[in-house]
Protein chains: 2
Amino acid sequence: MQYAIGVDLGGTKTAAGVVSAAGEVLFPATIPTLNIAGSDAILDATAVLVSSLMGRARAEDLDVAGVGVGSAGVIDAARGVVVSATDAILGWAGTALTAGLAARLGLPPSSIQAVNDVHAHALGESWAGAAAGTASSLLVAFGTGVGGSLVLAGQPLLGHRFVGGHVGHFASPYAFDGGTPVPCVCGGSGHVESIASGPAVRETYLRLGGREEDAADTRAVFALAGAGETTAIRAIKLGASAAGQAVGGLANVLDPEVVVVTGGLADAGEPWWQPMEHALRAELLPALGGIPVLHAKLGNAAAMVGAGRLILGPAPHGS
Amino acid sequence: MQYAIGVDLGGTKTAAGVVSAAGEVLFPATIPTLNIAGSDAILDATAVLVSSLMGRARAEDLDVAGVGVGSAGVIDAARGVVVSATDAILGWAGTALTAGLAARLGLPPSSIQAVNDVHAHALGESWAGAAAGTASSLLVAFGTGVGGSLVLAGQPLLGHRFVGGHVGHFASPYAFDGGTPVPCVCGGSGHVESIASGPAVRETYLRLGGREEDAADTRAVFALAGAGETTAIRAIKLGASAAGQAVGGLANVLDPEVVVVTGGLADAGEPWWQPMEHALRAELLPALGGIPVLHAKLGNAAAMVGAGRLILGPAPHGS
């Protein structure tokens, strides 16, 4: 059996493990991402982590075919380069990710593959998680941001500029404050992400009259809702409805075999999931009425598993 | 050189021609679609049309490899069956389209392929029209309805249930009348199609206070706008802005190499195109800023050419 090192390189931490051809993760390990130290420091630390996992695999006589990376940012999968990234990782944009790791690990560049972490996440769920065995799946994650990926025949749709999957950046009728579209982190306004992300739920709570001192973060808004606070319940319902409506509309456009909804908000339980799924199903064309809407299955391991799949499955490519 | 018969079977007329491997159409011919006579009558008439074209091709010593059909309705490309259709063609739903033609023409069923006409249209433009030479293109047509197709590596994304491409059926912030979402032909409401289709432009004109007797159809609204009537200008601008915003949002999600905008409204010229493209570009993520937004090139021949490509290119498939 073949194995790969799967790396999930996020804004705050980097997780990695040895991924088997059956989609299992051996020897999982996590380090903080050195997100203000610059890209060389991040590549150094990641190479040390990968190297130690390769040593573990060698000790167990496991045949490691290569290294797959799911990374924050827009990743050019053909060149293995970070095209752009937010300030969550300073200096990440422009990094020669696969070449930098290959040089540090003494591996041929062709043995390392990288895609954006949401694509890796979707690929993991499609290969060995909630969407295993399907011909196509649309995964959408609602958390700090909103991102997604359509996986077709085992390949995430990366897009021509590797920008595909920005499912938080289309218009939502919910993303208005009075008559004014809510500003979006992308520089636009009125987008799904500006009303349906985790931070947006907190902002909606404040806009609806909730008090700043009651809502330190999104989690606090969910706690208030759990205690029956009606403004918090309304804010969550608004964000969840916007989320579901957006996913339902995308299902009409893309007609995937199944939909997987994930991320911190999806993990928050029924107060979010129930209005989300209700709005999603209300949006569907009759022909899509029976489409499965699934919870993700692999939890934090999804992107690591998908990253491993970049090596163990077909090579990723743009359009 | 190989040839195919390309058939564009629409709600009011059926066009067909001999399509060359270079994407040219020879001997184009058009008949009315017998849209109230039932599917047997339609298949009979279509088979006669195809048969006469095959005779023409034989007389010229052209080698015809098969018959491709782009048809109104949701078409199961794997089985060659009409899954569903509107009342524009009575009795069309359930028709065994490819088997019915094969039997009438005495051809093996495998030599006939069918997809929905918008997918055929997009395939035609992608192969031999505005998007020729691109790795991926998103075509969106704004006319009596709103439909589209993402063509990836020469294959339209048909979807798992062959419902993919229903790009008119996601939420639009423009599709509200006061605070109420505008009803959509699909049974839902607040969708792009309910504000951005041709008939919707006329309905918006009436909602904005335009008089029924001044606006017999969408064309009349454009004529009024051409004469400077401000309500007509507003209605067109609203529909065009909704159209552009929708296409821009889809570009963010799908990141195609180019976008092609077509249909009766796109053909109506600058009063529609200019606000459409303005809204489209306002919606784009910075990384997509340079995306080409193209007029279609093949006119009425697009679906016929794409239908021919079903035979001359890779076989179509769902997900």
# chains A, B, ... in the order shown; residues from 1 in each chain; ligands from 1
>>> interface_residues(of="chain A", to="chain B", cutoff="6 Å", atoms="only C-alpha atoms", output="list in words")
Ala135, Ser136, Gly159, His160, Val163, Gly164, Gly165, His166, Val167, Phe170, Pro173, Gly249, Asn252, Val253, Leu254, Asp255, Pro256, Glu257 and Ser319 of chain A
>>> residues_around(residues="range 294-298 of chain B", least_positions_apart="2", cutoff="12 Å", atoms="only C-alpha atoms", output="short mmCIF file (atom, residue, chain, number, x, y, z; two decimals) with all heavy atoms, in the first residue's frame")
data_model
loop_
_atom_site.label_atom_id
_atom_site.label_comp_id
_atom_site.auth_asym_id
_atom_site.auth_seq_id
_atom_site.Cartn_x
_atom_site.Cartn_y
_atom_site.Cartn_z
N GLY B 23 -16.31 23.04 -37.47
CA GLY B 23 -17.36 23.82 -36.82
C GLY B 23 -18.20 24.65 -37.78
O GLY B 23 -18.94 25.53 -37.35
N GLU B 24 -18.09 24.38 -39.09
CA GLU B 24 -18.94 25.09 -40.04
C GLU B 24 -20.26 24.35 -40.23
O GLU B 24 -20.31 23.13 -40.08
CB GLU B 24 -18.25 25.20 -41.40
CG GLU B 24 -17.00 26.06 -41.39
CD GLU B 24 -15.97 25.54 -42.37
OE1 GLU B 24 -16.01 24.32 -42.69
OE2 GLU B 24 -15.13 26.34 -42.80
N VAL B 25 -21.30 25.10 -40.63
CA VAL B 25 -22.60 24.49 -40.88
C VAL B 25 -22.89 24.52 -42.38
O VAL B 25 -22.87 25.58 -43.00
CB VAL B 25 -23.72 25.24 -40.13
CG1 VAL B 25 -25.08 24.62 -40.45
CG2 VAL B 25 -23.46 25.22 -38.63
N HIS B 121 -25.61 25.04 -27.00
CA HIS B 121 -25.27 26.41 -27.35
C HIS B 121 -23.88 26.77 -26.80
O HIS B 121 -23.00 27.26 -27.52
CB HIS B 121 -26.35 27.31 -26.74
CG HIS B 121 -26.31 28.73 -27.15
ND1 HIS B 121 -27.43 29.45 -27.44
CD2 HIS B 121 -25.28 29.59 -27.29
CE1 HIS B 121 -27.10 30.68 -27.77
NE2 HIS B 121 -25.80 30.79 -27.68
N ALA B 122 -23.67 26.49 -25.50
CA ALA B 122 -22.39 26.81 -24.86
C ALA B 122 -21.26 26.00 -25.48
O ALA B 122 -20.14 26.50 -25.68
CB ALA B 122 -22.48 26.55 -23.36
N LEU B 123 -21.53 24.76 -25.77
CA LEU B 123 -20.52 23.90 -26.37
C LEU B 123 -20.12 24.42 -27.75
O LEU B 123 -18.94 24.44 -28.11
CB LEU B 123 -21.06 22.46 -26.46
CG LEU B 123 -20.12 21.40 -27.02
CD1 LEU B 123 -18.81 21.35 -26.24
CD2 LEU B 123 -20.79 20.03 -26.99
N GLY B 124 -21.12 24.89 -28.49
CA GLY B 124 -20.84 25.46 -29.81
C GLY B 124 -19.94 26.69 -29.71
O GLY B 124 -18.92 26.79 -30.41
N GLU B 125 -20.28 27.61 -28.83
CA GLU B 125 -19.46 28.82 -28.67
C GLU B 125 -18.07 28.48 -28.14
O GLU B 125 -17.09 29.14 -28.46
CB GLU B 125 -20.16 29.82 -27.73
CG GLU B 125 -21.42 30.46 -28.31
CD GLU B 125 -21.11 31.48 -29.42
OE1 GLU B 125 -19.95 31.90 -29.57
OE2 GLU B 125 -22.06 31.85 -30.16
N SER B 126 -18.00 27.46 -27.29
CA SER B 126 -16.72 27.07 -26.71
C SER B 126 -15.82 26.40 -27.76
O SER B 126 -14.60 26.54 -27.74
CB SER B 126 -16.97 26.12 -25.54
OG SER B 126 -15.98 25.15 -25.43
N TRP B 127 -16.44 25.68 -28.67
CA TRP B 127 -15.68 24.94 -29.67
C TRP B 127 -15.27 25.82 -30.85
O TRP B 127 -14.10 25.86 -31.24
CB TRP B 127 -16.52 23.74 -30.15
CG TRP B 127 -15.90 22.93 -31.25
CD1 TRP B 127 -14.59 22.57 -31.38
CD2 TRP B 127 -16.58 22.37 -32.38
NE1 TRP B 127 -14.41 21.82 -32.52
CE2 TRP B 127 -15.62 21.68 -33.15
CE3 TRP B 127 -17.92 22.37 -32.80
CZ2 TRP B 127 -15.96 21.01 -34.32
CZ3 TRP B 127 -18.25 21.70 -33.96
CH2 TRP B 127 -17.28 21.02 -34.71
N ALA B 128 -16.25 26.57 -31.38
CA ALA B 128 -16.01 27.24 -32.65
C ALA B 128 -16.46 28.70 -32.65
O ALA B 128 -16.49 29.34 -33.69
CB ALA B 128 -16.74 26.49 -33.76
N GLY B 129 -16.80 29.23 -31.46
CA GLY B 129 -17.32 30.59 -31.40
C GLY B 129 -16.49 31.51 -30.53
O GLY B 129 -15.26 31.47 -30.56
N ALA B 130 -17.19 32.30 -29.71
CA ALA B 130 -16.53 33.34 -28.92
C ALA B 130 -15.46 32.79 -27.98
O ALA B 130 -14.47 33.46 -27.70
CB ALA B 130 -17.59 34.10 -28.11
N ALA B 131 -15.66 31.57 -27.48
CA ALA B 131 -14.74 31.01 -26.49
C ALA B 131 -13.81 29.97 -27.09
O ALA B 131 -13.17 29.20 -26.36
CB ALA B 131 -15.53 30.41 -25.32
N ALA B 132 -13.70 29.96 -28.41
CA ALA B 132 -12.82 28.98 -29.07
C ALA B 132 -11.40 29.11 -28.54
O ALA B 132 -10.89 30.21 -28.37
CB ALA B 132 -12.85 29.19 -30.58
N SER B 137 -15.15 27.98 -20.16
CA SER B 137 -15.97 29.16 -20.39
C SER B 137 -17.32 29.00 -19.72
O SER B 137 -17.83 27.89 -19.61
CB SER B 137 -16.17 29.40 -21.90
OG SER B 137 -16.74 28.26 -22.52
N LEU B 138 -17.83 30.11 -19.23
CA LEU B 138 -19.19 30.13 -18.68
C LEU B 138 -20.04 30.93 -19.63
O LEU B 138 -19.76 32.12 -19.88
CB LEU B 138 -19.19 30.81 -17.30
CG LEU B 138 -20.57 31.09 -16.71
CD1 LEU B 138 -21.28 29.78 -16.36
CD2 LEU B 138 -20.46 31.98 -15.47
N LEU B 139 -21.05 30.30 -20.21
CA LEU B 139 -21.97 31.00 -21.09
C LEU B 139 -23.29 31.18 -20.34
O LEU B 139 -23.78 30.25 -19.71
CB LEU B 139 -22.21 30.21 -22.38
CG LEU B 139 -23.27 30.80 -23.33
CD1 LEU B 139 -22.79 30.70 -24.79
CD2 LEU B 139 -24.61 30.10 -23.18
N VAL B 140 -23.83 32.41 -20.39
CA VAL B 140 -25.14 32.65 -19.80
C VAL B 140 -26.01 33.35 -20.83
O VAL B 140 -25.57 34.33 -21.45
CB VAL B 140 -25.05 33.49 -18.50
CG1 VAL B 140 -26.43 33.62 -17.87
CG2 VAL B 140 -24.10 32.83 -17.50
N ALA B 141 -27.21 32.81 -21.02
CA ALA B 141 -28.14 33.34 -22.01
C ALA B 141 -29.32 34.00 -21.30
O ALA B 141 -29.95 33.39 -20.45
CB ALA B 141 -28.64 32.22 -22.92
N PHE B 142 -29.59 35.25 -21.66
CA PHE B 142 -30.73 35.98 -21.11
C PHE B 142 -31.73 36.22 -22.23
O PHE B 142 -31.46 36.98 -23.17
CB PHE B 142 -30.28 37.31 -20.51
CG PHE B 142 -29.39 37.15 -19.29
CD1 PHE B 142 -28.01 37.10 -19.42
CD2 PHE B 142 -29.95 37.01 -18.03
CE1 PHE B 142 -27.19 36.93 -18.31
CE2 PHE B 142 -29.14 36.84 -16.91
CZ PHE B 142 -27.76 36.80 -17.04
N GLU B 257 -12.20 30.68 -17.71
CA GLU B 257 -11.23 31.52 -18.42
C GLU B 257 -11.92 32.76 -19.01
O GLU B 257 -11.40 33.86 -18.91
CB GLU B 257 -10.54 30.72 -19.52
CG GLU B 257 -9.46 31.53 -20.24
CD GLU B 257 -8.61 30.68 -21.19
OE1 GLU B 257 -8.71 29.43 -21.15
OE2 GLU B 257 -7.82 31.26 -21.95
N VAL B 258 -13.10 32.55 -19.59
CA VAL B 258 -13.86 33.68 -20.16
C VAL B 258 -15.35 33.50 -19.84
O VAL B 258 -15.80 32.39 -19.53
CB VAL B 258 -13.72 33.77 -21.70
CG1 VAL B 258 -12.27 33.96 -22.12
CG2 VAL B 258 -14.32 32.54 -22.38
N VAL B 259 -16.07 34.60 -19.95
CA VAL B 259 -17.52 34.58 -19.80
C VAL B 259 -18.13 34.99 -21.14
O VAL B 259 -17.63 35.92 -21.78
CB VAL B 259 -17.96 35.57 -18.69
CG1 VAL B 259 -19.45 35.82 -18.74
CG2 VAL B 259 -17.53 35.05 -17.32
N VAL B 260 -19.16 34.29 -21.58
CA VAL B 260 -19.88 34.65 -22.79
C VAL B 260 -21.32 34.97 -22.39
O VAL B 260 -21.96 34.17 -21.72
CB VAL B 260 -19.88 33.50 -23.83
CG1 VAL B 260 -20.63 33.91 -25.09
CG2 VAL B 260 -18.46 33.07 -24.16
N VAL B 261 -21.80 36.15 -22.78
CA VAL B 261 -23.18 36.53 -22.46
C VAL B 261 -23.95 36.61 -23.76
O VAL B 261 -23.49 37.24 -24.73
CB VAL B 261 -23.24 37.85 -21.68
CG1 VAL B 261 -24.68 38.22 -21.36
CG2 VAL B 261 -22.42 37.74 -20.40
N THR B 262 -25.10 35.95 -23.80
CA THR B 262 -25.85 35.86 -25.05
C THR B 262 -27.36 35.88 -24.79
O THR B 262 -27.80 36.15 -23.69
CB THR B 262 -25.41 34.57 -25.81
OG1 THR B 262 -26.06 34.52 -27.08
CG2 THR B 262 -25.75 33.32 -25.03
N GLY B 263 -28.13 35.61 -25.82
CA GLY B 263 -29.59 35.62 -25.69
C GLY B 263 -30.18 36.90 -26.27
O GLY B 263 -29.45 37.85 -26.60
N GLY B 264 -31.49 36.94 -26.37
CA GLY B 264 -32.19 38.07 -26.97
C GLY B 264 -31.86 39.40 -26.31
O GLY B 264 -31.71 40.43 -26.99
N LEU B 265 -31.71 39.41 -24.99
CA LEU B 265 -31.42 40.67 -24.31
C LEU B 265 -30.00 41.14 -24.63
O LEU B 265 -29.76 42.34 -24.85
CB LEU B 265 -31.60 40.52 -22.79
CG LEU B 265 -33.06 40.32 -22.34
CD1 LEU B 265 -33.13 39.98 -20.86
CD2 LEU B 265 -33.90 41.56 -22.63
N ALA B 266 -29.07 40.20 -24.66
CA ALA B 266 -27.69 40.56 -24.98
C ALA B 266 -27.60 41.12 -26.40
O ALA B 266 -26.73 41.95 -26.70
CB ALA B 266 -26.78 39.34 -24.83
N ASP B 267 -28.49 40.64 -27.27
CA ASP B 267 -28.50 41.11 -28.65
C ASP B 267 -29.17 42.47 -28.80
O ASP B 267 -29.14 43.07 -29.88
CB ASP B 267 -29.24 40.10 -29.56
CG ASP B 267 -28.50 38.76 -29.61
OD1 ASP B 267 -27.30 38.73 -29.28
OD2 ASP B 267 -29.14 37.76 -29.98
N ALA B 268 -29.79 42.95 -27.72
CA ALA B 268 -30.54 44.21 -27.81
C ALA B 268 -29.63 45.43 -27.79
O ALA B 268 -30.10 46.57 -27.90
CB ALA B 268 -31.58 44.29 -26.69
N GLY B 269 -28.34 45.19 -27.60
CA GLY B 269 -27.39 46.31 -27.73
C GLY B 269 -27.01 46.99 -26.43
O GLY B 269 -27.30 46.49 -25.34
N GLU B 270 -26.37 48.14 -26.56
CA GLU B 270 -25.75 48.83 -25.44
C GLU B 270 -26.69 49.17 -24.27
O GLU B 270 -26.27 49.11 -23.13
CB GLU B 270 -25.05 50.10 -25.92
CG GLU B 270 -23.75 49.80 -26.66
CD GLU B 270 -22.77 48.96 -25.83
OE1 GLU B 270 -22.43 49.37 -24.71
OE2 GLU B 270 -22.37 47.86 -26.28
N TRP B 273 -26.48 45.91 -22.51
CA TRP B 273 -25.14 45.37 -22.30
C TRP B 273 -24.31 46.25 -21.35
O TRP B 273 -23.62 45.74 -20.47
CB TRP B 273 -24.40 45.22 -23.64
CG TRP B 273 -23.10 44.51 -23.48
CD1 TRP B 273 -21.90 45.06 -23.10
CD2 TRP B 273 -22.85 43.11 -23.64
NE1 TRP B 273 -20.93 44.10 -23.03
CE2 TRP B 273 -21.48 42.88 -23.35
CE3 TRP B 273 -23.65 42.02 -24.01
CZ2 TRP B 273 -20.89 41.62 -23.42
CZ3 TRP B 273 -23.06 40.75 -24.08
CH2 TRP B 273 -21.70 40.56 -23.78
N MET B 276 -25.29 45.81 -17.76
CA MET B 276 -25.00 44.41 -17.42
C MET B 276 -23.51 44.26 -17.13
O MET B 276 -23.11 43.76 -16.06
CB MET B 276 -25.43 43.50 -18.57
CG MET B 276 -25.24 42.02 -18.34
SD MET B 276 -23.54 41.42 -18.47
CE MET B 276 -23.18 41.78 -20.20
N GLU B 277 -22.66 44.72 -18.03
CA GLU B 277 -21.23 44.53 -17.84
C GLU B 277 -20.72 45.36 -16.65
O GLU B 277 -19.85 44.90 -15.90
CB GLU B 277 -20.43 44.87 -19.11
CG GLU B 277 -18.95 44.54 -18.90
CD GLU B 277 -18.09 44.52 -20.16
OE1 GLU B 277 -18.64 44.61 -21.27
OE2 GLU B 277 -16.87 44.39 -20.00
N ILE B 291 -11.05 39.38 -16.39
CA ILE B 291 -11.75 38.31 -17.13
C ILE B 291 -12.47 38.87 -18.37
O ILE B 291 -13.19 39.86 -18.27
CB ILE B 291 -12.73 37.55 -16.19
CG1 ILE B 291 -13.18 36.24 -16.83
CG2 ILE B 291 -13.94 38.40 -15.83
CD1 ILE B 291 -13.94 35.33 -15.86
N PRO B 292 -12.26 38.25 -19.52
CA PRO B 292 -12.98 38.70 -20.72
C PRO B 292 -14.48 38.41 -20.62
O PRO B 292 -14.87 37.31 -20.22
CB PRO B 292 -12.35 37.87 -21.85
CG PRO B 292 -11.04 37.40 -21.31
CD PRO B 292 -11.27 37.21 -19.83
N ASN B 300 -27.66 32.28 -34.20
CA ASN B 300 -28.62 31.18 -34.12
C ASN B 300 -28.01 29.81 -34.38
O ASN B 300 -28.63 28.80 -34.08
CB ASN B 300 -29.73 31.39 -35.16
CG ASN B 300 -30.66 32.49 -34.75
OD1 ASN B 300 -30.74 32.81 -33.56
ND2 ASN B 300 -31.36 33.08 -35.69
N ALA B 301 -26.80 29.78 -34.95
CA ALA B 301 -26.21 28.49 -35.29
C ALA B 301 -25.53 27.80 -34.10
O ALA B 301 -25.16 26.62 -34.19
CB ALA B 301 -25.19 28.68 -36.41
N ALA B 302 -25.38 28.52 -32.98
CA ALA B 302 -24.55 28.01 -31.88
C ALA B 302 -24.97 26.62 -31.40
O ALA B 302 -24.14 25.72 -31.26
CB ALA B 302 -24.56 29.00 -30.72
N ALA B 303 -26.26 26.44 -31.14
CA ALA B 303 -26.70 25.15 -30.58
C ALA B 303 -26.56 24.02 -31.60
O ALA B 303 -26.25 22.88 -31.26
CB ALA B 303 -28.15 25.25 -30.09
N MET B 304 -26.76 24.37 -32.88
CA MET B 304 -26.59 23.38 -33.95
C MET B 304 -25.13 22.93 -34.02
O MET B 304 -24.83 21.74 -34.12
CB MET B 304 -26.98 24.06 -35.27
CG MET B 304 -27.70 23.20 -36.26
SD MET B 304 -27.84 24.03 -37.89
CE MET B 304 -28.40 25.67 -37.50
N VAL B 305 -24.23 23.90 -33.97
CA VAL B 305 -22.80 23.60 -34.01
C VAL B 305 -22.41 22.76 -32.78
O VAL B 305 -21.69 21.75 -32.90
CB VAL B 305 -21.97 24.91 -34.05
CG1 VAL B 305 -20.48 24.64 -33.85
CG2 VAL B 305 -22.22 25.65 -35.37
N GLY B 306 -22.89 23.16 -31.61
CA GLY B 306 -22.58 22.40 -30.39
C GLY B 306 -23.17 21.00 -30.45
O GLY B 306 -22.54 20.03 -29.99
#
>>> atom_distance(atom1="CA of Gly10 in chain B", atom2="CA of Asp76 in chain B")
16.4 Å
>>> atom_distance(atom1="CA of Leu62 in chain A", atom2="CA of Met1 in chain A")
7.9 Å
>>> atom_distance(atom1="CA of Ala72 in chain A", atom2="CA of Glu203 in chain A")
24.0 Å
>>> select_by_dssp(residues="range 34-258 of chain B", states="alpha helix (DSSP H)", output="PyMOL selection string")
chain B and resi 39-59+97-105+117-128+193-196+198-207+218-226+230-254
>>> residues_around(residues="range 102-107 of chain B", least_positions_apart="3", cutoff="10 Å", atoms="only C-alpha atoms", output="ChimeraX atom specification")
/B:43-44,46-48,50-51,54,66-67,96-99,110-112
>>> write_last_selection(atoms="all heavy atoms", output="CSV table (one decimal), in the first residue's frame")
chain,number,residue,atom,x,y,z
B,43,LEU,N,-40.8,13.8,-33.4
B,43,LEU,CA,-39.7,12.9,-33.8
B,43,LEU,C,-39.8,12.5,-35.3
B,43,LEU,O,-38.8,12.5,-36.0
B,43,LEU,CB,-39.7,11.6,-32.9
B,43,LEU,CG,-39.4,11.8,-31.5
B,43,LEU,CD1,-39.6,10.5,-30.7
B,43,LEU,CD2,-37.9,12.2,-31.3
B,44,ASP,N,-41.0,12.3,-35.8
B,44,ASP,CA,-41.2,12.0,-37.2
B,44,ASP,C,-40.7,13.2,-38.0
B,44,ASP,O,-39.9,13.0,-39.0
B,44,ASP,CB,-42.7,11.9,-37.5
B,44,ASP,CG,-43.3,10.6,-37.0
B,44,ASP,OD1,-42.6,9.7,-36.6
B,44,ASP,OD2,-44.6,10.5,-36.9
B,46,THR,N,-38.6,15.6,-37.2
B,46,THR,CA,-37.2,15.8,-37.0
B,46,THR,C,-36.4,14.7,-37.8
B,46,THR,O,-35.4,15.0,-38.5
B,46,THR,CB,-36.8,15.7,-35.5
B,46,THR,OG1,-37.6,16.6,-34.8
B,46,THR,CG2,-35.3,16.0,-35.3
B,47,ALA,N,-36.9,13.5,-37.8
B,47,ALA,CA,-36.2,12.4,-38.6
B,47,ALA,C,-36.2,12.7,-40.1
B,47,ALA,O,-35.3,12.4,-40.8
B,47,ALA,CB,-36.9,11.1,-38.3
B,48,VAL,N,-37.3,13.2,-40.6
B,48,VAL,CA,-37.4,13.6,-42.0
B,48,VAL,C,-36.4,14.7,-42.3
B,48,VAL,O,-35.6,14.6,-43.3
B,48,VAL,CB,-38.8,14.1,-42.4
B,48,VAL,CG1,-38.8,14.7,-43.8
B,48,VAL,CG2,-39.8,12.9,-42.3
B,50,VAL,N,-33.6,15.3,-40.6
B,50,VAL,CA,-32.2,14.8,-40.5
B,50,VAL,C,-31.9,13.9,-41.7
B,50,VAL,O,-30.8,13.9,-42.3
B,50,VAL,CB,-32.1,13.9,-39.2
B,50,VAL,CG1,-30.8,13.1,-39.2
B,50,VAL,CG2,-32.2,14.9,-38.0
B,51,SER,N,-32.9,13.1,-42.1
B,51,SER,CA,-32.8,12.2,-43.2
B,51,SER,C,-32.4,12.9,-44.5
B,51,SER,O,-31.6,12.5,-45.3
B,51,SER,CB,-34.0,11.3,-43.4
B,51,SER,OG,-33.9,10.4,-44.3
B,54,MET,N,-28.9,14.0,-44.4
B,54,MET,CA,-28.0,12.9,-44.6
B,54,MET,C,-27.9,12.6,-46.1
B,54,MET,O,-26.8,12.2,-46.6
B,54,MET,CB,-28.4,11.7,-43.8
B,54,MET,CG,-28.2,11.9,-42.3
B,54,MET,SD,-28.7,10.5,-41.2
B,54,MET,CE,-27.1,9.7,-41.2
B,66,GLY,N,-22.7,10.8,-37.2
B,66,GLY,CA,-23.8,10.6,-36.3
B,66,GLY,C,-24.6,11.8,-36.2
B,66,GLY,O,-24.4,12.8,-37.0
B,67,VAL,N,-25.6,11.8,-35.3
B,67,VAL,CA,-26.5,12.9,-35.1
B,67,VAL,C,-26.5,13.4,-33.7
B,67,VAL,O,-26.6,12.7,-32.8
B,67,VAL,CB,-28.0,12.5,-35.4
B,67,VAL,CG1,-29.0,13.6,-35.3
B,67,VAL,CG2,-28.1,11.8,-36.8
B,96,ALA,N,-38.3,9.3,-25.4
B,96,ALA,CA,-37.0,8.6,-25.7
B,96,ALA,C,-36.4,9.3,-26.9
B,96,ALA,O,-36.6,8.7,-28.0
B,96,ALA,CB,-37.2,7.1,-25.8
B,97,LEU,N,-35.7,10.4,-26.8
B,97,LEU,CA,-35.3,11.2,-27.9
B,97,LEU,C,-34.4,10.5,-28.8
B,97,LEU,O,-34.6,10.4,-30.0
B,97,LEU,CB,-34.7,12.5,-27.3
B,97,LEU,CG,-34.1,13.5,-28.3
B,97,LEU,CD1,-35.0,13.9,-29.4
B,97,LEU,CD2,-33.7,14.8,-27.5
B,98,THR,N,-33.3,10.0,-28.3
B,98,THR,CA,-32.3,9.4,-29.2
B,98,THR,C,-32.7,8.1,-29.7
B,98,THR,O,-32.5,7.8,-30.9
B,98,THR,CB,-30.9,9.2,-28.5
B,98,THR,OG1,-31.0,8.5,-27.3
B,98,THR,CG2,-30.3,10.6,-28.1
B,99,ALA,N,-33.4,7.3,-28.9
B,99,ALA,CA,-33.9,6.0,-29.4
B,99,ALA,C,-35.0,6.2,-30.4
B,99,ALA,O,-35.0,5.4,-31.4
B,99,ALA,CB,-34.4,5.1,-28.2
B,110,SER,N,-26.3,4.3,-30.5
B,110,SER,CA,-25.0,5.0,-30.1
B,110,SER,C,-24.5,6.1,-31.0
B,110,SER,O,-23.7,6.8,-30.7
B,110,SER,CB,-23.9,3.9,-30.0
B,110,SER,OG,-23.7,3.3,-31.3
B,111,SER,N,-25.1,6.1,-32.2
B,111,SER,CA,-24.6,7.2,-33.2
B,111,SER,C,-25.4,8.5,-33.0
B,111,SER,O,-25.2,9.4,-33.7
B,111,SER,CB,-24.8,6.7,-34.6
B,111,SER,OG,-26.1,6.5,-34.9
B,112,ILE,N,-26.3,8.5,-32.0
B,112,ILE,CA,-27.1,9.7,-31.7
B,112,ILE,C,-26.8,10.2,-30.2
B,112,ILE,O,-26.9,9.4,-29.3
B,112,ILE,CB,-28.6,9.5,-31.9
B,112,ILE,CG1,-28.8,8.9,-33.3
B,112,ILE,CG2,-29.4,10.8,-31.7
B,112,ILE,CD1,-30.2,8.9,-33.8
>>> select_by_dssp(residues="range 19-107 of chain A", states="strand (DSSP E or B)", output="PyMOL selection string")
chain A and resi 19-20+25-32+63-71+74-76+81-84+96
>>> residues_around(residues="Val201 in chain B", least_positions_apart="6", cutoff="6 Å", atoms="only C-alpha atoms", output="list in words")
Ala235, Ile236 and Gly239 of chain B
>>> residues_around(residues="Val221 in chain A", least_positions_apart="4", cutoff="7 Å", atoms="only C-alpha atoms", output="ChimeraX atom specification")
/A:202,215,217,225,232
>>> write_last_selection(atoms="N, CA and C atoms", output="CSV table (one decimal), in the first residue's frame")
chain,number,residue,atom,x,y,z
A,202,ARG,N,-22.0,37.7,14.4
A,202,ARG,CA,-21.9,38.6,15.6
A,202,ARG,C,-22.2,40.0,15.2
A,215,ALA,N,-21.4,40.2,23.6
A,215,ALA,CA,-21.0,39.3,22.5
A,215,ALA,C,-19.5,39.5,22.1
A,217,ASP,N,-17.5,37.4,21.0
A,217,ASP,CA,-17.2,36.7,19.7
A,217,ASP,C,-18.5,35.9,19.3
A,225,ALA,N,-28.0,32.7,22.4
A,225,ALA,CA,-29.2,32.1,21.8
A,225,ALA,C,-29.6,30.8,22.5
A,232,ALA,N,-30.1,37.3,19.6
A,232,ALA,CA,-29.1,36.3,19.2
A,232,ALA,C,-29.7,35.3,18.3
